[in-house]
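Enquirer: Can you read through this structure? Questions will come right after.
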Amino acid sequence: MRAETVRAGWAGTVWSGTVLGETARGGTAQAGTARGAEHEMAAPASAVPGRRAAGVAEGPPVEEHPCPVAVPSGTTCGYLLAPERRDVPNSRTIKVGYAVHRAPQASAQAADPVVYMSGGPGSASLQLTGFLSQMFPGRDVVVLEQRGGRYSEPRLSCPEIVRGVVDTLRTPGPASAETAPLVRQALACQSRLEGEHVDLRGYRTAEIASDIVDLRAALGYQRWYLFGVSYSTRPMLLAAARDPLGTRGVVLDSLLPAGARWYDESSAALTATMTKLGIAARFDAMVKALNAHPAAYETRDPLTRQRLTVQLNGDDAATILGEALHETDVIPIVPALVDGLASGRTELLQPLVDAAGDGLTSHEWGLYYAVQCQDQTPYNSFPDSRSPRLFTGVVDAAVCDAWDLPAARPEPDLLAPGASVTTASSDGTSIEGASSKEATSDGATSDGATSDGATSDGATSEEESSEGATPPILVLGGQYDPTTPPEDARQAVSAVPGAKFAEFAGVGHAVFLSSACSRQTIAAFLDDPAATARACDPGAAPYPIVRPGGLLLTSSAYRLSQSPIPLAVPAAFLLVSAVQLVAGLISLLRRRGGLSAIAGLAGVALCALSALSLSAIQDWTTLAIGVPHALAWYGLLALVSTGLSIVEAFRLNAAAARIVPVLTGLAFLAWLYGWLLT
């Protein structure tokens with residue numbers, strides 16, 4: 001249900017530094033939004049190119065607003081003006097942010113638009129506008145924020161809860177026994193929001209779904225595709241059930257079925273994923289070892305950026321690892337990482353700890369808890385017997401108990417028992433399961449088609465024959481996703497005729513952000529929901545799994561990414577070896593001996609072979625926890641180079657400068673075997 005990382009504590013695993021590079025999530029999002037970095041003023045609603053049918057009344061009001069993030073050219077932004085609570089008369093008006101990227105004029109009439117919302121709850125969406133416009137170049141792309149989100153008003157941030165989480169993690173005991181600071185901060189946040197006249201009962205899935213439906217009417221689109229990921233699959237499914245005539249199809253990435261008890265099932269789901277990776281026993285050993293002896297990690301406070309020390313036990317480490325499995329480039333190293341942690345190499349978790357702390361500022365926690373406390377936690381029992389006892393559930397239960405919001409009434413969506421799906425071809429022709437249209441008193445059918453066979457916008461009734469029926473559904477799941485397991489998604493759609501499910505190998509949560517094949521699959525589905533041919537092979541994993549023993553475990557490479565100063569030693573060794581090689585070759589030409597040339601050649605060869613070994617790594621995140629075993633063997637060349645340099649330096653009448661290769665060689669050997677490979 002979370003697209004980034006632990007919502008209550010550690011969120012948004014973002015690898016940084018020269019060793020780790022960008023994640024697919026951060027990198028692709030940046031790549032998409034970098035185009036057209038200018039912020040544009042949104043056009044009035046009447047200027048936005050929708051497909052409003054003749055005679056259809058204007059939708060809910062919108063207002064123009066400058067785009068708050070970098071967006072590609074052709075994008076306009078604004079706010080949907082919506083009631084904070086639709087169940088309360090005269091409820092105050094709030095602003096829900098959105099962006100519309102218009103397709104090129106030549107293709108705007110040919111393809112239905114697609115509306116996207118991020119998950120969380122509490123994740124921002126607008127920063128993905130450029131990325132999504134590249135995914136769907138021939139369509140209008142509408143990106144909708146969640147009410148209460150970062151680019152909506154009011155913004156339900158809760159830095160108080162972040163402070164409570166950090167304070168809880170400063171001590172080594174189990175989180176379940178140390179929730180008092182968190183509860184105190186959660187109540188402070190709730191009191192502040194209520195003092196700002198925020199009614200938290202208006203921030204729940206049903207209201208978010210209504211925003212989706214209202215935005216379609218406001219923008220004047222006759223119908224569109226709905227695209228949700230993680231948590232947002234829920235409001236998208238609910239919006240489709242409420243607005244069947246306006247829904248062309250639904251794409252659900254990392255589906256969280258409405259009946260899932262996420263908190264109660266999360267520990268078992270994580271253990272099942274570790275079983276898939278073949279490390280269930282080592283995972284259990286790691287949890288037990290760290291629960292008995294918590295480990296200390298120095299990291300940065302996400303609010304003040306000051307250094308602080310956190311104490312993590314086995315349950316905390318399991319939570320961080322579970323959320324790290326969302327990242328496709330992290331998945332391959334988890335088996336080797338868990339094996340190392342179980343063996344006492346607790347320092348190997350440092351990269352995840354550093355990244356997770358930054359994630360605490362990536363969500364609007366007031367919105368997150370408003371939704372969770374009304375829609376999710378009331379339907380879970382939070383058993384104490386589960387193991388590991390994930391930090392997420394402990395914190396969420398504590399906050400929701402403190403906030404004491406009423407449970408939202410469940411509402412059936414498209415995947416409710418008895419729902420049917422109509423599969424349609426790209427021209428709108430119904431393939432199966434089309435529902436009959438009811439004639440209205442003025443001779444028009446309920447989907448806008450007139451009695452003479454033409455729809456209100458000029459399309460024939462054959463082209464619109466699938467309107468009014470349950471729309472086609474595509475569901476995507478990641479093989480190693482412990483948050484929304486693909487098995488649950490497959491079971492949820494198995495009873496829905498015509499629904500399609502695709503599992504993608506080697507990936508985790510939020511599949512479309514890390515899998516090019518999934519993006520091709522989504523685009524092909526939007527072009528023709530009835531097509532059966534695969535756009536690509538979902539069984540091809542992007543990276544091979546690194547098994548225990550497959551790496552020489554070390555945290556030194558990660559430390560180099562934080563401070564490259566120690567790289568001065570191998571750089572000096574390479575430079576001196578190159579000079580030594582050239583000087584030795586010149587000596588050979590003058591028939592003065594060749595030991596110096598051989599010493600230099602050994603040093604240069606070591607650096608070249610090491611570079612080749614590192615370049616063969618497909619997933620650079622691997623270097624966060626280890627390096628190839630070959631580096632230890634290549635180091636023997638440094639021993640040869642240094643030995644030959646010593647012989648040259650202590651020859652009779654040897655120049656004083658010949659001591660330089662000896663010193664750099666000894667320094668390199670100490671650096672390699674005494675620091676890098678330990």
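Here's how to read the names in the structure tokens: chain A, B, ... by the order shown, residue numbers from 1 in each chain, ligand numbers from 1 in the order shown.
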Identify, on the basis of only C-alpha atoms, every residue whose closest approach to A:Gly594 does not exceed 6 Å; exclude the query and any residue fewer than 3 positions from it along the same chain; express the result as a ChimeraX atom specification.

Expert: /A:584,588,597

Enquirer: Could you dump the residues just selected with C-alpha atoms as a tab-separated table (two decimals), in the first residue's frame?

Expert:
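Result written to again_17.tsv:
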```tsv
chain	number	residue	atom	x	y	z
A	584	GLY	CA	60.78	1.42	-17.13
A	588	LEU	CA	64.52	-1.04	-21.44
A	597	ALA	CA	58.67	-1.59	-16.15
```

Enquirer: Mind the document's chain letters and residue numbers, and return as an MDAnalysis selection string the residues of stretch 517-583 of chain A that DSSP labels alpha helix (DSSP H).

Expert: chainID A and resid 517:527 556:562 568:583

Enquirer: Print the selection's residues with N, CA and C atoms to a file, as an mmCIF file, in the first residue's frame.

Expert:
```cif
data_model
loop_
_atom_site.group_PDB
_atom_site.id
_atom_site.type_symbol
_atom_site.label_atom_id
_atom_site.label_comp_id
_atom_site.auth_asym_id
_atom_site.auth_seq_id
_atom_site.Cartn_x
_atom_site.Cartn_y
_atom_site.Cartn_z
ATOM 1 N N CYS A 517 9.259 -2.853 -19.203
ATOM 2 C CA CYS A 517 8.276 -3.776 -19.765
ATOM 3 C C CYS A 517 6.877 -3.468 -19.247
ATOM 4 N N SER A 518 6.757 -3.108 -17.980
ATOM 5 C CA SER A 518 5.434 -2.788 -17.442
ATOM 6 C C SER A 518 4.870 -1.542 -18.102
ATOM 7 N N ARG A 519 5.732 -0.569 -18.389
ATOM 8 C CA ARG A 519 5.253 0.644 -19.059
ATOM 9 C C ARG A 519 4.773 0.331 -20.470
ATOM 10 N N GLN A 520 5.480 -0.554 -21.157
ATOM 11 C CA GLN A 520 5.029 -0.973 -22.483
ATOM 12 C C GLN A 520 3.696 -1.712 -22.394
ATOM 13 N N THR A 521 3.551 -2.531 -21.356
ATOM 14 C CA THR A 521 2.312 -3.286 -21.172
ATOM 15 C C THR A 521 1.135 -2.352 -20.923
ATOM 16 N N ILE A 522 1.345 -1.340 -20.109
ATOM 17 C CA ILE A 522 0.271 -0.381 -19.830
ATOM 18 C C ILE A 522 -0.105 0.374 -21.096
ATOM 19 N N ALA A 523 0.895 0.860 -21.825
ATOM 20 C CA ALA A 523 0.615 1.613 -23.048
ATOM 21 C C ALA A 523 -0.137 0.755 -24.064
ATOM 22 N N ALA A 524 0.249 -0.522 -24.187
ATOM 23 C CA ALA A 524 -0.438 -1.419 -25.121
ATOM 24 C C ALA A 524 -1.879 -1.661 -24.690
ATOM 25 N N PHE A 525 -2.114 -1.771 -23.396
ATOM 26 C CA PHE A 525 -3.472 -1.963 -22.885
ATOM 27 C C PHE A 525 -4.340 -0.749 -23.199
ATOM 28 N N LEU A 526 -3.800 0.442 -23.025
ATOM 29 C CA LEU A 526 -4.575 1.639 -23.327
ATOM 30 C C LEU A 526 -4.868 1.752 -24.816
ATOM 31 N N ASP A 527 -3.941 1.284 -25.648
ATOM 32 C CA ASP A 527 -4.179 1.320 -27.094
ATOM 33 C C ASP A 527 -5.247 0.321 -27.506
ATOM 34 N N SER A 556 32.768 -0.385 2.908
ATOM 35 C CA SER A 556 33.741 0.642 2.534
ATOM 36 C C SER A 556 33.351 1.371 1.257
ATOM 37 N N ALA A 557 32.812 0.647 0.279
ATOM 38 C CA ALA A 557 32.433 1.295 -0.974
ATOM 39 C C ALA A 557 31.334 2.323 -0.733
ATOM 40 N N TYR A 558 30.385 2.001 0.155
ATOM 41 C CA TYR A 558 29.345 2.967 0.480
ATOM 42 C C TYR A 558 29.937 4.187 1.171
ATOM 43 N N ARG A 559 30.906 3.959 2.055
ATOM 44 C CA ARG A 559 31.546 5.088 2.727
ATOM 45 C C ARG A 559 32.297 5.960 1.727
ATOM 46 N N LEU A 560 32.832 5.361 0.677
ATOM 47 C CA LEU A 560 33.471 6.162 -0.377
ATOM 48 C C LEU A 560 32.461 7.060 -1.075
ATOM 49 N N SER A 561 31.226 6.586 -1.209
ATOM 50 C CA SER A 561 30.201 7.415 -1.847
ATOM 51 C C SER A 561 29.840 8.622 -0.990
ATOM 52 N N GLN A 562 30.039 8.499 0.322
ATOM 53 C CA GLN A 562 29.746 9.606 1.219
ATOM 54 C C GLN A 562 30.926 10.579 1.307
ATOM 55 N N ALA A 568 42.009 8.905 -2.871
ATOM 56 C CA ALA A 568 43.304 9.492 -3.217
ATOM 57 C C ALA A 568 44.413 8.443 -3.209
ATOM 58 N N VAL A 569 44.280 7.422 -2.361
ATOM 59 C CA VAL A 569 45.314 6.393 -2.271
ATOM 60 C C VAL A 569 45.400 5.572 -3.559
ATOM 61 N N PRO A 570 44.292 4.961 -4.053
ATOM 62 C CA PRO A 570 44.419 4.214 -5.310
ATOM 63 C C PRO A 570 44.724 5.117 -6.499
ATOM 64 N N ALA A 571 44.264 6.360 -6.455
ATOM 65 C CA ALA A 571 44.575 7.275 -7.554
ATOM 66 C C ALA A 571 46.079 7.542 -7.613
ATOM 67 N N ALA A 572 46.690 7.750 -6.456
ATOM 68 C CA ALA A 572 48.142 7.974 -6.419
ATOM 69 C C ALA A 572 48.895 6.728 -6.873
ATOM 70 N N PHE A 573 48.415 5.551 -6.462
ATOM 71 C CA PHE A 573 49.067 4.299 -6.863
ATOM 72 C C PHE A 573 49.004 4.123 -8.376
ATOM 73 N N LEU A 574 47.863 4.411 -8.981
ATOM 74 C CA LEU A 574 47.726 4.286 -10.429
ATOM 75 C C LEU A 574 48.651 5.267 -11.140
ATOM 76 N N LEU A 575 48.667 6.496 -10.671
ATOM 77 C CA LEU A 575 49.515 7.499 -11.318
ATOM 78 C C LEU A 575 50.987 7.105 -11.239
ATOM 79 N N VAL A 576 51.437 6.709 -10.063
ATOM 80 C CA VAL A 576 52.841 6.328 -9.898
ATOM 81 C C VAL A 576 53.158 5.091 -10.734
ATOM 82 N N SER A 577 52.224 4.136 -10.801
ATOM 83 C CA SER A 577 52.455 2.924 -11.607
ATOM 84 C C SER A 577 52.583 3.268 -13.079
ATOM 85 N N ALA A 578 51.761 4.197 -13.542
ATOM 86 C CA ALA A 578 51.833 4.594 -14.949
ATOM 87 C C ALA A 578 53.172 5.264 -15.250
ATOM 88 N N VAL A 579 53.596 6.152 -14.359
ATOM 89 C CA VAL A 579 54.894 6.811 -14.549
ATOM 90 C C VAL A 579 56.022 5.781 -14.489
ATOM 91 N N GLN A 580 55.887 4.857 -13.567
ATOM 92 C CA GLN A 580 56.902 3.810 -13.410
ATOM 93 C C GLN A 580 56.981 2.942 -14.661
ATOM 94 N N LEU A 581 55.820 2.639 -15.254
ATOM 95 C CA LEU A 581 55.795 1.828 -16.472
ATOM 96 C C LEU A 581 56.474 2.556 -17.622
ATOM 97 N N VAL A 582 56.170 3.816 -17.790
ATOM 98 C CA VAL A 582 56.767 4.587 -18.884
ATOM 99 C C VAL A 582 58.276 4.703 -18.686
ATOM 100 N N ALA A 583 58.656 5.018 -17.440
ATOM 101 C CA ALA A 583 60.096 5.151 -17.162
ATOM 102 C C ALA A 583 60.817 3.828 -17.352
#
```

Enquirer: Taking the DSSP assignment computed from this structure's backbone, write out as number ranges by chain all residues of stretch 480-608 of chain A that belong to strand (DSSP E).

Expert: A: 500-504, 552-553

Enquirer: Compare A:Ala616, A:Leu348, A:Ala240, A:Leu255 by their minimum atom-to-atom distance to A:His509, counting only C-alpha atoms, and give me the closest one.

Expert: A:Leu255

Enquirer: I want to know what sits within 10 Å of stretch 303-306 of chain A, based on only C-alpha atoms, with residues of the same chain fewer than 5 positions away left out; could you give that as a list in words?

Expert: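 So the residues in contact are Pro159, Glu160, Val162, Arg163, Val166, Gly357, Asp358, Leu360 and Thr361 of chain A.
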
Enquirer: Using only all heavy atoms, please write the residues we just selected to a file, as a PDB file, in the first residue's frame.

Expert:
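The resulting out_5.pdb:
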```
ATOM      1  N   PRO A 159       5.042  17.402  10.840  1.00  0.00           N
ATOM      2  CA  PRO A 159       6.430  17.233  11.305  1.00  0.00           C
ATOM      3  C   PRO A 159       6.493  16.764  12.753  1.00  0.00           C
ATOM      4  O   PRO A 159       7.496  16.171  13.164  1.00  0.00           O
ATOM      5  CB  PRO A 159       7.026  18.637  11.137  1.00  0.00           C
ATOM      6  CG  PRO A 159       5.855  19.558  11.101  1.00  0.00           C
ATOM      7  CD  PRO A 159       4.749  18.789  10.452  1.00  0.00           C
ATOM      8  N   GLU A 160       5.417  16.995  13.502  1.00  0.00           N
ATOM      9  CA  GLU A 160       5.409  16.530  14.888  1.00  0.00           C
ATOM     10  C   GLU A 160       5.530  15.001  14.952  1.00  0.00           C
ATOM     11  O   GLU A 160       6.232  14.462  15.816  1.00  0.00           O
ATOM     12  CB  GLU A 160       4.124  16.971  15.596  1.00  0.00           C
ATOM     13  CG  GLU A 160       3.933  18.479  15.684  1.00  0.00           C
ATOM     14  CD  GLU A 160       3.121  19.026  14.515  1.00  0.00           C
ATOM     15  OE1 GLU A 160       3.074  18.363  13.465  1.00  0.00           O
ATOM     16  OE2 GLU A 160       2.541  20.115  14.668  1.00  0.00           O
ATOM     17  N   VAL A 162       6.928  13.073  12.721  1.00  0.00           N
ATOM     18  CA  VAL A 162       8.304  12.728  12.355  1.00  0.00           C
ATOM     19  C   VAL A 162       9.205  12.829  13.580  1.00  0.00           C
ATOM     20  O   VAL A 162      10.044  11.955  13.841  1.00  0.00           O
ATOM     21  CB  VAL A 162       8.814  13.648  11.227  1.00  0.00           C
ATOM     22  CG1 VAL A 162      10.274  13.327  10.897  1.00  0.00           C
ATOM     23  CG2 VAL A 162       7.951  13.500   9.983  1.00  0.00           C
ATOM     24  N   ARG A 163       9.030  13.898  14.340  1.00  0.00           N
ATOM     25  CA  ARG A 163       9.830  14.050  15.553  1.00  0.00           C
ATOM     26  C   ARG A 163       9.553  12.910  16.524  1.00  0.00           C
ATOM     27  O   ARG A 163      10.470  12.374  17.152  1.00  0.00           O
ATOM     28  CB  ARG A 163       9.495  15.403  16.211  1.00  0.00           C
ATOM     29  CG  ARG A 163      10.127  15.652  17.572  1.00  0.00           C
ATOM     30  CD  ARG A 163      11.625  15.460  17.566  1.00  0.00           C
ATOM     31  NE  ARG A 163      12.250  16.272  16.532  1.00  0.00           N
ATOM     32  CZ  ARG A 163      13.359  15.920  15.883  1.00  0.00           C
ATOM     33  NH1 ARG A 163      13.960  14.772  16.177  1.00  0.00           N
ATOM     34  NH2 ARG A 163      13.866  16.694  14.947  1.00  0.00           N
ATOM     35  N   VAL A 166      11.397   9.734  15.339  1.00  0.00           N
ATOM     36  CA  VAL A 166      12.841   9.821  15.592  1.00  0.00           C
ATOM     37  C   VAL A 166      13.132   9.613  17.074  1.00  0.00           C
ATOM     38  O   VAL A 166      14.061   8.879  17.447  1.00  0.00           O
ATOM     39  CB  VAL A 166      13.389  11.173  15.103  1.00  0.00           C
ATOM     40  CG1 VAL A 166      14.841  11.346  15.538  1.00  0.00           C
ATOM     41  CG2 VAL A 166      13.282  11.276  13.582  1.00  0.00           C
ATOM     42  N   GLY A 357      15.922   7.636   6.626  1.00  0.00           N
ATOM     43  CA  GLY A 357      15.702   8.839   7.410  1.00  0.00           C
ATOM     44  C   GLY A 357      15.210   9.987   6.549  1.00  0.00           C
ATOM     45  O   GLY A 357      14.301  10.727   6.928  1.00  0.00           O
ATOM     46  N   ASP A 358      15.804  10.157   5.364  1.00  0.00           N
ATOM     47  CA  ASP A 358      15.358  11.209   4.457  1.00  0.00           C
ATOM     48  C   ASP A 358      13.912  10.996   4.029  1.00  0.00           C
ATOM     49  O   ASP A 358      13.182  11.949   3.765  1.00  0.00           O
ATOM     50  CB  ASP A 358      16.258  11.258   3.216  1.00  0.00           C
ATOM     51  CG  ASP A 358      17.653  11.764   3.538  1.00  0.00           C
ATOM     52  OD1 ASP A 358      17.793  12.454   4.569  1.00  0.00           O
ATOM     53  OD2 ASP A 358      18.586  11.480   2.771  1.00  0.00           O
ATOM     54  N   LEU A 360      11.429  10.237   5.697  1.00  0.00           N
ATOM     55  CA  LEU A 360      10.432  10.701   6.660  1.00  0.00           C
ATOM     56  C   LEU A 360       9.821  12.039   6.279  1.00  0.00           C
ATOM     57  O   LEU A 360       8.750  12.395   6.763  1.00  0.00           O
ATOM     58  CB  LEU A 360      11.069  10.800   8.052  1.00  0.00           C
ATOM     59  CG  LEU A 360      11.176   9.488   8.824  1.00  0.00           C
ATOM     60  CD1 LEU A 360      12.031   9.674  10.064  1.00  0.00           C
ATOM     61  CD2 LEU A 360       9.805   8.967   9.206  1.00  0.00           C
ATOM     62  N   THR A 361      10.498  12.786   5.429  1.00  0.00           N
ATOM     63  CA  THR A 361       9.957  14.077   5.006  1.00  0.00           C
ATOM     64  C   THR A 361       9.313  14.007   3.627  1.00  0.00           C
ATOM     65  O   THR A 361       8.967  15.031   3.054  1.00  0.00           O
ATOM     66  CB  THR A 361      11.078  15.134   4.981  1.00  0.00           C
ATOM     67  OG1 THR A 361      12.125  14.710   4.087  1.00  0.00           O
ATOM     68  CG2 THR A 361      11.661  15.328   6.369  1.00  0.00           C
TER      69      THR A 361
END
```

Enquirer: Take atom CA of A:Ala624 and atom CA of A:Glu347 and report the distance between them in Å, one decimal.

Expert: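 It comes out at 10.9 Å.
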
Enquirer: Tell me which protein, DNA and RNA residues are within 8 Å of stretch 398-402 of chain A, counting only C-alpha atoms, leaving out same-chain ones fewer than 4 positions away, and put them as a PyMOL selection string.

Expert: chain A and resi 179+182-183+186-187+369+372-373+377+394

Enquirer: Those same residues - C-alpha atoms - I'd like them written as a PDB file, in the first residue's frame.

Expert:
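Just written: result-v1.pdb:
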```pdb
ATOM      1  CA  THR A 179       5.110   4.883  21.893  1.00  0.00           C
ATOM      2  CA  LEU A 182       4.976   9.390  19.398  1.00  0.00           C
ATOM      3  CA  VAL A 183       1.462   9.624  20.857  1.00  0.00           C
ATOM      4  CA  ALA A 186       0.602  12.848  17.165  1.00  0.00           C
ATOM      5  CA  LEU A 187      -1.880  14.601  19.457  1.00  0.00           C
ATOM      6  CA  TYR A 369      -3.025   9.051   9.111  1.00  0.00           C
ATOM      7  CA  GLN A 372      -5.323   5.073   7.444  1.00  0.00           C
ATOM      8  CA  CYS A 373      -7.130   5.716  10.707  1.00  0.00           C
ATOM      9  CA  THR A 377      -6.592   0.388  10.879  1.00  0.00           C
ATOM     10  CA  VAL A 394       3.066  -0.488  15.917  1.00  0.00           C
TER      11      VAL A 394
END
```

Enquirer: Can you list, as a list in words, every protein, DNA or RNA residue that comes within 9 Å of A:Tyr297 when you count only C-alpha atoms, leaving out same-chain residues fewer than 4 positions away?

Expert: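 The contact residues come out as Leu308, Thr309, Val310, Gln311, Leu312, Glu347, Leu349, Gln350, Val353 and Asp354 of chain A.
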
Enquirer: Would you save the residues from that selection as an mmCIF file, in the first residue's frame, using N, CA and C atoms?

Expert:
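Final file, again-v8.cif:
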```cif
data_model
loop_
_atom_site.group_PDB
_atom_site.id
_atom_site.type_symbol
_atom_site.label_atom_id
_atom_site.label_comp_id
_atom_site.auth_asym_id
_atom_site.auth_seq_id
_atom_site.Cartn_x
_atom_site.Cartn_y
_atom_site.Cartn_z
ATOM 1 N N LEU A 308 22.614 12.239 14.530
ATOM 2 C CA LEU A 308 21.976 11.586 15.665
ATOM 3 C C LEU A 308 22.232 10.092 15.593
ATOM 4 N N THR A 309 22.050 9.425 16.713
ATOM 5 C CA THR A 309 22.248 7.976 16.783
ATOM 6 C C THR A 309 20.923 7.300 17.056
ATOM 7 N N VAL A 310 20.571 6.324 16.216
ATOM 8 C CA VAL A 310 19.357 5.548 16.421
ATOM 9 C C VAL A 310 19.744 4.126 16.802
ATOM 10 N N GLN A 311 18.862 3.488 17.548
ATOM 11 C CA GLN A 311 19.075 2.107 17.990
ATOM 12 C C GLN A 311 18.015 1.232 17.325
ATOM 13 N N LEU A 312 18.447 0.283 16.516
ATOM 14 C CA LEU A 312 17.511 -0.544 15.759
ATOM 15 C C LEU A 312 17.611 -2.001 16.207
ATOM 16 N N GLU A 347 26.873 -3.303 10.263
ATOM 17 C CA GLU A 347 27.193 -2.049 9.578
ATOM 18 C C GLU A 347 26.683 -2.026 8.147
ATOM 19 N N LEU A 349 23.811 -2.434 7.086
ATOM 20 C CA LEU A 349 22.484 -1.823 6.976
ATOM 21 C C LEU A 349 22.568 -0.298 6.882
ATOM 22 N N GLN A 350 23.740 0.280 7.057
ATOM 23 C CA GLN A 350 23.881 1.734 7.109
ATOM 24 C C GLN A 350 23.308 2.459 5.889
ATOM 25 N N VAL A 353 19.612 2.757 6.326
ATOM 26 C CA VAL A 353 19.278 3.643 7.446
ATOM 27 C C VAL A 353 19.382 5.101 7.012
ATOM 28 N N ASP A 354 20.457 5.448 6.310
ATOM 29 C CA ASP A 354 20.637 6.826 5.857
ATOM 30 C C ASP A 354 19.539 7.244 4.890
#
```

Enquirer: Kindly give the distance, in Å, that separates atom CA of A:Ser118 and atom CA of A:Tyr203, rounded to a single decimal.

Expert: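 For atom CA of A:Ser118 relative to atom CA of A:Tyr203, the distance reads 15.5 Å.
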
Enquirer: What's the separation between atom CA of A:Leu589 and atom CA of A:Cys607, in Å to one decimal place?

Expert: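 Atom-to-atom, atom CA of A:Leu589 and atom CA of A:Cys607 are spaced 25.0 Å apart.
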